[in-house]
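Structure file data.txt with compact mmCIF, C-alpha atoms:
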# COMPACT_ATOMS: atom_id res chain seq x y z
CA MET A 202 -8.38 -40.91 -73.74
CA ARG A 203 -11.68 -41.33 -71.84
CA ASN A 204 -13.55 -42.72 -74.86
CA ARG A 205 -10.88 -45.38 -75.21
CA LEU A 206 -10.60 -46.52 -71.61
CA PRO A 207 -10.11 -50.33 -71.54
CA LEU A 208 -12.46 -50.90 -68.60
CA ASN A 209 -12.45 -54.71 -68.76
CA ALA A 210 -8.67 -54.78 -68.89
CA LEU A 211 -8.41 -52.33 -66.00
CA ARG A 212 -10.77 -54.47 -63.89
CA ALA A 213 -8.72 -57.55 -64.73
CA PHE A 214 -5.50 -55.82 -63.70
CA GLU A 215 -6.94 -54.38 -60.47
CA SER A 216 -8.32 -57.74 -59.34
CA SER A 217 -5.12 -59.58 -60.30
CA ALA A 218 -3.01 -57.00 -58.49
CA ARG A 219 -5.01 -57.38 -55.27
CA HIS A 220 -4.81 -61.18 -55.38
CA LEU A 221 -1.41 -61.41 -57.13
CA ASN A 222 -2.98 -64.35 -58.92
CA PHE A 223 -4.81 -64.62 -62.25
CA THR A 224 -6.86 -67.64 -61.16
CA ARG A 225 -8.30 -65.94 -58.07
CA ALA A 226 -8.96 -62.81 -60.12
CA GLY A 227 -10.86 -64.95 -62.63
CA LEU A 228 -13.01 -66.41 -59.85
CA GLU A 229 -13.81 -62.92 -58.59
CA LEU A 230 -14.67 -61.62 -62.07
CA ARG A 231 -16.40 -64.87 -63.10
CA VAL A 232 -14.21 -65.45 -66.14
CA THR A 233 -11.41 -67.90 -66.88
CA GLN A 234 -7.81 -67.49 -65.79
CA ALA A 235 -6.82 -67.28 -69.45
CA ALA A 236 -9.28 -64.44 -70.08
CA VAL A 237 -7.85 -62.43 -67.18
CA SER A 238 -4.28 -63.02 -68.35
CA GLN A 239 -5.19 -61.96 -71.89
CA GLN A 240 -6.87 -58.75 -70.67
CA VAL A 241 -3.80 -57.83 -68.61
CA ARG A 242 -1.49 -58.44 -71.57
CA MET A 243 -3.68 -56.24 -73.76
CA LEU A 244 -3.48 -53.47 -71.16
CA GLU A 245 0.31 -53.78 -70.94
CA GLU A 246 0.57 -53.59 -74.73
CA GLN A 247 -1.69 -50.54 -74.88
CA LEU A 248 0.30 -48.73 -72.16
CA GLY A 249 3.65 -49.92 -73.44
CA ILE A 250 4.77 -51.04 -69.97
CA GLN A 251 4.97 -54.22 -67.90
CA LEU A 252 2.61 -54.26 -64.93
CA PHE A 253 3.51 -57.69 -63.50
CA ARG A 254 6.54 -59.87 -63.18
CA ARG A 255 5.35 -63.41 -63.89
CA LEU A 256 6.85 -65.73 -61.29
CA PRO A 257 6.72 -69.54 -61.07
CA ARG A 258 4.23 -69.34 -58.17
CA GLY A 259 2.28 -66.18 -58.78
CA LEU A 260 2.70 -62.54 -59.68
CA ASP A 261 4.67 -59.57 -58.45
CA LEU A 262 3.84 -55.94 -59.25
CA THR A 263 6.34 -53.83 -61.09
CA GLU A 264 6.85 -50.22 -60.02
CA GLU A 265 4.44 -49.17 -62.76
CA GLY A 266 1.86 -51.65 -61.49
CA GLN A 267 2.29 -50.37 -57.93
CA ALA A 268 1.63 -46.82 -59.16
CA LEU A 269 -1.53 -47.81 -61.05
CA LEU A 270 -3.18 -50.09 -58.45
CA PRO A 271 -4.20 -47.57 -55.75
CA VAL A 272 -5.66 -45.20 -58.33
CA LEU A 273 -7.80 -47.92 -59.88
CA SER A 274 -8.85 -49.39 -56.52
CA ASP A 275 -10.01 -45.99 -55.31
CA ALA A 276 -11.88 -45.31 -58.56
CA PHE A 277 -13.68 -48.67 -58.51
CA ASP A 278 -14.53 -48.26 -54.82
CA ARG A 279 -16.09 -44.87 -55.50
CA ILE A 280 -18.06 -46.17 -58.48
CA GLU A 281 -19.32 -49.09 -56.39
CA ALA A 282 -20.37 -46.77 -53.55
CA VAL A 283 -22.41 -44.59 -55.92
CA LEU A 284 -24.05 -47.55 -57.66
CA GLN A 285 -25.07 -48.99 -54.30
CA GLN A 286 -27.07 -45.80 -53.71
CA PHE A 287 -29.44 -46.89 -56.50
CA GLU A 288 -30.36 -50.24 -54.92
CA GLY A 289 -34.02 -51.17 -55.14
CA GLY A 290 -34.74 -48.68 -57.90
CA HIS A 291 -34.38 -45.64 -55.62
CA PHE A 292 -31.54 -43.24 -54.98
CA HIS A 293 -30.24 -43.66 -51.42
CA GLU A 294 -28.42 -40.61 -50.10
CA VAL A 295 -25.76 -41.35 -47.48
CA LEU A 296 -25.68 -39.09 -44.44
CA THR A 297 -22.83 -39.38 -41.93
CA VAL A 298 -23.24 -37.95 -38.42
CA ALA A 299 -20.58 -37.88 -35.72
CA VAL A 300 -22.32 -37.91 -32.34
CA VAL A 301 -21.03 -37.50 -28.81
CA GLY A 302 -21.50 -40.93 -27.25
CA THR A 303 -23.89 -39.97 -24.44
CA PHE A 304 -26.27 -38.30 -26.88
CA ALA A 305 -26.04 -41.20 -29.33
CA VAL A 306 -27.12 -43.82 -26.77
CA GLY A 307 -29.38 -41.73 -24.58
CA TRP A 308 -31.29 -39.71 -27.18
CA LEU A 309 -30.60 -40.47 -30.84
CA MET A 310 -30.72 -44.27 -30.96
CA PRO A 311 -34.25 -44.58 -29.55
CA ARG A 312 -35.44 -42.33 -32.41
CA LEU A 313 -33.57 -43.92 -35.32
CA ALA A 314 -36.33 -46.40 -36.19
CA ALA A 315 -38.81 -43.54 -36.57
CA PHE A 316 -36.35 -41.62 -38.75
CA ARG A 317 -35.81 -44.68 -40.94
CA THR A 318 -39.56 -45.16 -41.36
CA ALA A 319 -40.09 -41.51 -42.29
CA HIS A 320 -37.04 -41.29 -44.58
CA PRO A 321 -36.27 -44.77 -45.97
CA PHE A 322 -33.99 -43.52 -48.74
CA ILE A 323 -31.52 -41.76 -46.43
CA ASP A 324 -28.79 -44.15 -45.31
CA LEU A 325 -27.78 -42.74 -41.93
CA ARG A 326 -24.32 -43.60 -40.65
CA VAL A 327 -23.61 -42.77 -37.01
CA LEU A 328 -20.13 -42.57 -35.52
CA THR A 329 -19.38 -41.61 -31.93
CA HIS A 330 -16.77 -39.25 -30.52
CA ASN A 331 -15.90 -37.69 -27.18
CA ASN A 332 -16.74 -34.10 -28.16
CA LEU A 333 -13.60 -33.83 -30.31
CA VAL A 334 -14.28 -34.10 -34.03
CA ASN A 335 -12.94 -32.53 -37.25
CA LEU A 336 -15.78 -32.44 -39.75
CA SER A 337 -13.56 -31.58 -42.69
CA ALA A 338 -10.77 -34.07 -42.04
CA ASP A 339 -13.14 -36.88 -41.04
CA GLY A 340 -15.52 -36.38 -43.97
CA MET A 341 -18.64 -35.97 -41.80
CA ASP A 342 -21.85 -34.22 -42.81
CA PHE A 343 -22.79 -33.30 -39.23
CA ALA A 344 -21.44 -33.45 -35.71
CA ILE A 345 -23.55 -33.37 -32.57
CA ARG A 346 -21.57 -31.89 -29.69
CA PHE A 347 -21.98 -30.67 -26.14
CA GLY A 348 -20.83 -27.17 -25.25
CA GLU A 349 -21.56 -23.49 -25.70
CA GLY A 350 -21.82 -23.49 -29.51
CA LEU A 351 -18.74 -21.35 -30.10
CA TRP A 352 -17.04 -23.46 -32.79
CA PRO A 353 -15.95 -20.86 -35.38
CA ALA A 354 -15.74 -22.94 -38.58
CA THR A 355 -19.23 -24.43 -38.32
CA CYS A 356 -22.86 -23.42 -38.38
CA ASN A 357 -24.11 -24.34 -34.91
CA ILE A 358 -27.80 -25.17 -34.38
CA LYS A 359 -28.82 -25.41 -30.75
CA LEU A 360 -30.92 -28.47 -30.02
CA PHE A 361 -31.63 -28.11 -26.30
CA ASP A 362 -29.99 -27.27 -22.99
CA ALA A 363 -28.66 -30.16 -20.95
CA PRO A 364 -28.02 -29.08 -17.36
CA LEU A 365 -26.21 -31.54 -15.11
CA THR A 366 -27.71 -32.99 -11.97
CA VAL A 367 -26.88 -35.72 -9.47
CA LEU A 368 -27.79 -39.25 -10.60
CA CYS A 369 -27.10 -42.40 -8.60
CA PRO A 370 -28.42 -45.91 -7.89
CA PRO A 371 -31.40 -46.21 -5.50
CA ALA A 372 -29.23 -47.69 -2.72
CA VAL A 373 -27.03 -44.59 -2.77
CA ALA A 374 -29.97 -42.19 -3.08
CA ALA A 375 -31.45 -43.68 0.10
CA ARG A 376 -28.39 -42.46 2.02
CA LEU A 377 -28.60 -38.90 0.72
CA CYS A 378 -30.73 -36.50 2.73
CA THR A 379 -28.85 -33.27 1.95
CA PRO A 380 -26.15 -32.37 -0.61
CA GLN A 381 -23.56 -32.39 2.21
CA ASP A 382 -24.09 -36.15 2.49
CA LEU A 383 -22.25 -36.50 -0.83
CA GLN A 384 -18.99 -36.06 1.09
CA HIS A 385 -19.31 -39.71 2.14
CA GLU A 386 -19.92 -41.03 -1.39
CA GLN A 387 -17.73 -41.81 -4.40
CA LEU A 388 -18.22 -38.90 -6.81
CA MET A 389 -17.53 -39.76 -10.45
CA ARG A 390 -15.95 -37.18 -12.76
CA THR A 391 -15.43 -36.40 -16.45
CA TYR A 392 -12.62 -34.44 -18.08
CA ARG A 393 -14.46 -31.18 -17.30
CA LYS A 394 -12.81 -30.07 -14.08
CA ASP A 395 -15.42 -27.52 -12.97
CA GLU A 396 -18.56 -29.68 -13.16
CA TRP A 397 -18.84 -30.55 -9.48
CA GLU A 398 -17.78 -27.06 -8.39
CA ARG A 399 -20.56 -25.57 -10.53
CA TRP A 400 -23.10 -28.00 -9.11
CA PHE A 401 -21.99 -27.29 -5.54
CA ALA A 402 -22.57 -23.57 -6.23
CA ALA A 403 -26.05 -24.30 -7.61
CA ALA A 404 -26.83 -26.42 -4.53
CA GLN A 405 -25.39 -23.72 -2.24
CA VAL A 406 -22.85 -26.12 -0.78
CA THR A 407 -19.25 -25.34 0.15
CA PRO A 408 -17.13 -27.43 -2.24
CA TRP A 409 -14.58 -30.01 -1.16
CA ARG A 410 -11.78 -31.89 -2.93
CA ILE A 411 -13.01 -34.76 -5.13
CA ASN A 412 -10.87 -37.79 -5.91
CA GLY A 413 -13.30 -40.05 -7.73
CA PRO A 414 -12.46 -41.85 -10.98
CA VAL A 415 -12.41 -39.84 -14.23
CA PHE A 416 -14.30 -40.98 -17.35
CA ASP A 417 -14.17 -39.70 -20.91
CA SER A 418 -17.95 -39.74 -21.39
CA SER A 419 -21.02 -39.20 -19.25
CA ARG A 420 -22.45 -42.50 -20.47
CA LEU A 421 -19.50 -44.45 -19.06
CA MET A 422 -19.50 -42.37 -15.89
CA VAL A 423 -23.15 -43.12 -15.15
CA GLU A 424 -22.65 -46.80 -15.91
CA GLY A 425 -19.75 -46.73 -13.47
CA ALA A 426 -21.99 -45.16 -10.84
CA ILE A 427 -24.62 -47.87 -11.34
CA GLN A 428 -22.14 -50.72 -11.07
CA CYS A 429 -19.97 -49.29 -8.29
CA ASP A 430 -22.55 -47.53 -6.11
CA GLY A 431 -21.18 -44.14 -7.08
CA VAL A 432 -22.64 -40.73 -7.86
CA ALA A 433 -22.51 -39.03 -11.25
CA LEU A 434 -23.31 -35.59 -12.63
CA ALA A 435 -25.15 -35.98 -15.93
CA PRO A 436 -28.02 -34.54 -17.97
CA VAL A 437 -31.39 -36.03 -17.04
CA SER A 438 -32.55 -35.94 -20.68
CA MET A 439 -29.93 -38.53 -21.64
CA PHE A 440 -30.95 -41.04 -18.96
CA ARG A 441 -34.74 -41.03 -18.94
CA ARG A 442 -34.94 -44.78 -19.60
CA GLU A 443 -32.67 -45.63 -16.67
CA LEU A 444 -34.65 -43.30 -14.39
CA ALA A 445 -37.97 -44.77 -15.55
CA ALA A 446 -36.66 -48.32 -15.01
CA GLY A 447 -35.48 -47.50 -11.50
CA ALA A 448 -31.79 -48.12 -12.18
CA LEU A 449 -31.10 -44.46 -11.37
CA GLN A 450 -32.60 -41.85 -9.07
CA ARG A 451 -32.27 -38.09 -8.88
CA PRO A 452 -31.99 -37.21 -5.19
CA PHE A 453 -31.65 -33.40 -5.53
CA ALA A 454 -33.26 -30.76 -7.75
CA ALA A 455 -30.16 -28.59 -8.12
CA GLU A 456 -28.73 -28.31 -11.65
CA ALA A 457 -25.51 -26.93 -13.12
CA ALA A 458 -25.82 -25.29 -16.54
CA LEU A 459 -22.60 -26.04 -18.43
CA GLY A 460 -23.85 -26.21 -22.00
CA ALA A 461 -26.25 -27.58 -24.55
CA TYR A 462 -26.32 -30.12 -27.36
CA TRP A 463 -25.69 -28.65 -30.80
CA LEU A 464 -25.99 -29.89 -34.38
CA THR A 465 -23.06 -28.52 -36.37
CA HIS A 466 -21.99 -28.54 -40.01
CA LEU A 467 -19.25 -26.79 -41.95
CA LYS A 468 -20.00 -23.23 -43.05
CA SER A 469 -18.25 -23.99 -46.34
CA ARG A 470 -20.46 -27.01 -47.06
CA ASP A 471 -23.51 -26.76 -49.30
CA LEU A 472 -26.44 -28.57 -47.72
CA THR A 473 -27.62 -31.67 -49.57
CA PRO A 474 -31.32 -32.65 -49.62
CA ALA A 475 -30.59 -35.32 -47.00
CA MET A 476 -28.84 -32.80 -44.76
CA LYS A 477 -31.82 -30.42 -44.98
CA THR A 478 -34.17 -33.27 -44.15
CA PHE A 479 -32.09 -34.29 -41.12
CA ILE A 480 -31.94 -30.73 -39.82
CA GLY A 481 -35.72 -30.40 -40.00
CA TRP A 482 -36.28 -33.77 -38.36
CA ILE A 483 -33.88 -33.35 -35.46
CA ARG A 484 -35.09 -29.82 -34.72
CA ARG A 485 -38.67 -31.07 -34.43
CA GLU A 486 -37.52 -33.89 -32.14
CA ALA A 487 -35.51 -31.43 -30.04
CA GLU A 488 -38.52 -29.13 -29.69
CA GLU A 489 -40.50 -32.09 -28.40
CA GLU A 490 -37.70 -32.79 -25.90
CA GLN A 491 -37.96 -29.22 -24.62
CA ARG A 492 -41.72 -29.52 -24.21
CA GLN A 493 -41.20 -32.67 -22.12
CA GLY A 494 -38.82 -30.76 -19.86
Mind converting the file's structure to C-alpha cells?
Amino acid sequence: MRNRLPLNALRAFESSARHLNFTRAGLELRVTQAAVSQQVRMLEEQLGIQLFRRLPRGLDLTEEGQALLPVLSDAFDRIEAVLQQFEGGHFHEVLTVAVVGTFAVGWLMPRLAAFRTAHPFIDLRVLTHNNLVNLSADGMDFAIRFGEGLWPATCNIKLFDAPLTVLCPPAVAARLCTPQDLQHEQLMRTYRKDEWERWFAAAQVTPWRINGPVFDSSRLMVEGAIQCDGVALAPVSMFRRELAAGALQRPFAAEAALGAYWLTHLKSRDLTPAMKTFIGWIRREAEEEQRQG
C-alpha cells in the first residue's frame, strides 16, 4: 500500500485530531477549513471507517481515530526530526550525551564552544544525571560517569583520574592549620559514605563521626560549602575556575583516590561518524587535562 499512501489526507487527519477542529488544522496546514474536511472525508472513504464524530462545536475521535493518531504523530515527528538534520544544505548528526552534573559544569561546558567550532555539523545534546543512567532505555549515545569503570554492558573509556581533596572558602581555609582542625568545621558529604574516611586515611588522621549535610552531586556540595562556610571533598579538576577566582582554596595536599571519569557507550551499539568524532575529541581534551595535572 506504500505507493498509494494518501499523505495529504493523513496530514489533514493528524492535524485535525490534535486540534479537534478543522479550522485550526487548516490554519496550521495553510489551507482552508473546507480543504481539510474534504481530505479527511476522502481518507475515511478510502479506509472504510469513520475517524471523527462531527459535533455541533467541534470534533471527537472515534476508537479508530484514536488508534490511528499516535502512529501518525510519531511518524511525522520522526520525519520532521530527520529533515531538520539537513538544514542549511548540510547533514547535521545529532549526538546525545548524558553527563554527571559536576563534570558537565566544571569540565565539559567550558569546552563546548571549541567543539562546536571544530565540528559545526554535529548537534550535541547534553543531559545531566547523578551517576545513574541507562543508555539503552534513555536513548543516549554516550554517558560520562564517575567510578571505577566496571559497568558490564558498556565499553568504558577512561578519561582521567579525579582524586578528591579538601576545598573550602578562603575564610574557612584561614582557620585550618592541620587536618585535625576540620573537627571544628561543617563537613559536607555526598551519597558515597566512605569519602571522608578515605581522605582521613590519606591525610593520616584518625577519623571521627561526620554529621554534615548530604548532597547528590559534588557541584551542589561545593556550592553549599561556598555559601555556608563549609568544607567539601571534591576533584580539583572540576573546580579550577573557582580556585583561580579565589572563591575556593585547597588547604591540604592530601587526596583520596575513589575513581575516575569515564566515557561509556553500549557494547551492542555501532559507532556513528559523530560518535567516533566525539571520542577522538574528548580523549585529546582529557590528555591535555592530564598534562595540566
Practice task
Using all atoms listed in the file, find the one residue out of A:Leu383, A:Ala344, A:Ala235, A:Ala276 that sits nearest to Phe453 (chain A).
Solution key: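 Going through A:Leu383, A:Ala344, A:Ala235, A:Ala276 one by one, the smallest distance to Phe453 (chain A) is for A:Leu383.
The two atoms in question, CA of Arg451 (chain A) and CA of Val367 (chain A), are spaced 5.9 Å apart.
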Practice task
Identify, on the basis of all atoms listed in the file, every residue whose closest approach to Pro414 (chain A) does not exceed 9 Å; exclude the query and any residue fewer than 4 positions from it along the same chain; express the result as an MDAnalysis selection string.
Solution key: chainID A and resid 387:391 422
Practice task
Just the residues within 12 Å of Glu288 (chain A), please, counting only C-alpha atoms, with nothing from its chain fewer than 6 positions along; format it as a ChimeraX atom specification.
Solution key: /A:281-282,294,322,324
Exercise for the section: For each of A:Glu386, A:Glu229, A:Glu398, A:Glu215, take the minimum atom-to-atom distance to Ala457 (chain A), counting all atoms listed in the file, then give the residue where this is smallest. Expected result: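 Of the candidates, the smallest distance to Ala457 (chain A) is held by A:Glu398.
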Handout entry: Separation of CA of Ser419 (chain A) from CA of Thr366 (chain A), in Å and rounded to one decimal
Key =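 So the two atoms, CA of Ser419 (chain A) and CA of Thr366 (chain A), lie 11.7 Å apart.
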Identify the residues within 10 Å of coordinate (-4.9, -68.2, -64.3) (same frame as the file), considering all atoms listed in the file, and give the answer as a CSV table (one decimal) with C-alpha atoms, keeping the file's coordinate frame.
chain,number,residue,atom,x,y,z
A,217,SER,CA,-5.1,-59.6,-60.3
A,222,ASN,CA,-3.0,-64.4,-58.9
A,223,PHE,CA,-4.8,-64.6,-62.2
A,224,THR,CA,-6.9,-67.6,-61.2
A,225,ARG,CA,-8.3,-65.9,-58.1
A,226,ALA,CA,-9.0,-62.8,-60.1
A,227,GLY,CA,-10.9,-65.0,-62.6
A,228,LEU,CA,-13.0,-66.4,-59.8
A,232,VAL,CA,-14.2,-65.4,-66.1
A,233,THR,CA,-11.4,-67.9,-66.9
A,234,GLN,CA,-7.8,-67.5,-65.8
A,235,ALA,CA,-6.8,-67.3,-69.4
A,236,ALA,CA,-9.3,-64.4,-70.1
A,237,VAL,CA,-7.8,-62.4,-67.2
A,238,SER,CA,-4.3,-63.0,-68.4
A,239,GLN,CA,-5.2,-62.0,-71.9
A,259,GLY,CA,2.3,-66.2,-58.8
Problem - Gap from CA of Gly460 (chain A) to CA of Pro364 (chain A) - Å, one decimal - result: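 Computed distance, CA of Gly460 (chain A) to CA of Pro364 (chain A), equals 6.9 Å.
Near Arg346 (chain A), within a cut-off of 9 Å and counting only C-alpha atoms, sit the residues Ala299, Val300, Val301, Phe304, His330, Asn331, Asn332, Leu333, Val334, Ala461, Tyr462, Trp463, Leu464 and Thr465 of chain A, with same-chain residues fewer than 6 positions away left out.
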Handout entry: Exercise: residues within 12 Å of coordinate (-3.8, -54.2, -75.1), counting only C-alpha atoms, as number ranges by chain
Key = A: 205-211, 213-214, 238-251
Find the residues near Thr478 (chain A): any atom within 12 Å, counting all atoms listed in the file, skip ones fewer than 3 places away on the same chain, and give them as a PDB file with C-alpha atoms, in the frame of the given file.
ATOM      1  CA  GLU A 294     -28.420 -40.610 -50.100  1.00  0.00           C
ATOM      2  CA  LEU A 296     -25.680 -39.090 -44.440  1.00  0.00           C
ATOM      3  CA  PHE A 316     -36.350 -41.620 -38.750  1.00  0.00           C
ATOM      4  CA  ARG A 317     -35.810 -44.680 -40.940  1.00  0.00           C
ATOM      5  CA  ALA A 319     -40.090 -41.510 -42.290  1.00  0.00           C
ATOM      6  CA  HIS A 320     -37.040 -41.290 -44.580  1.00  0.00           C
ATOM      7  CA  PRO A 321     -36.270 -44.770 -45.970  1.00  0.00           C
ATOM      8  CA  PHE A 322     -33.990 -43.520 -48.740  1.00  0.00           C
ATOM      9  CA  ILE A 323     -31.520 -41.760 -46.430  1.00  0.00           C
ATOM     10  CA  LEU A 325     -27.780 -42.740 -41.930  1.00  0.00           C
ATOM     11  CA  LEU A 472     -26.440 -28.570 -47.720  1.00  0.00           C
ATOM     12  CA  THR A 473     -27.620 -31.670 -49.570  1.00  0.00           C
ATOM     13  CA  PRO A 474     -31.320 -32.650 -49.620  1.00  0.00           C
ATOM     14  CA  ALA A 475     -30.590 -35.320 -47.000  1.00  0.00           C
ATOM     15  CA  GLY A 481     -35.720 -30.400 -40.000  1.00  0.00           C
ATOM     16  CA  TRP A 482     -36.280 -33.770 -38.360  1.00  0.00           C
ATOM     17  CA  ILE A 483     -33.880 -33.350 -35.460  1.00  0.00           C
ATOM     18  CA  ARG A 484     -35.090 -29.820 -34.720  1.00  0.00           C
ATOM     19  CA  ARG A 485     -38.670 -31.070 -34.430  1.00  0.00           C
TER      20      ARG A 485
END
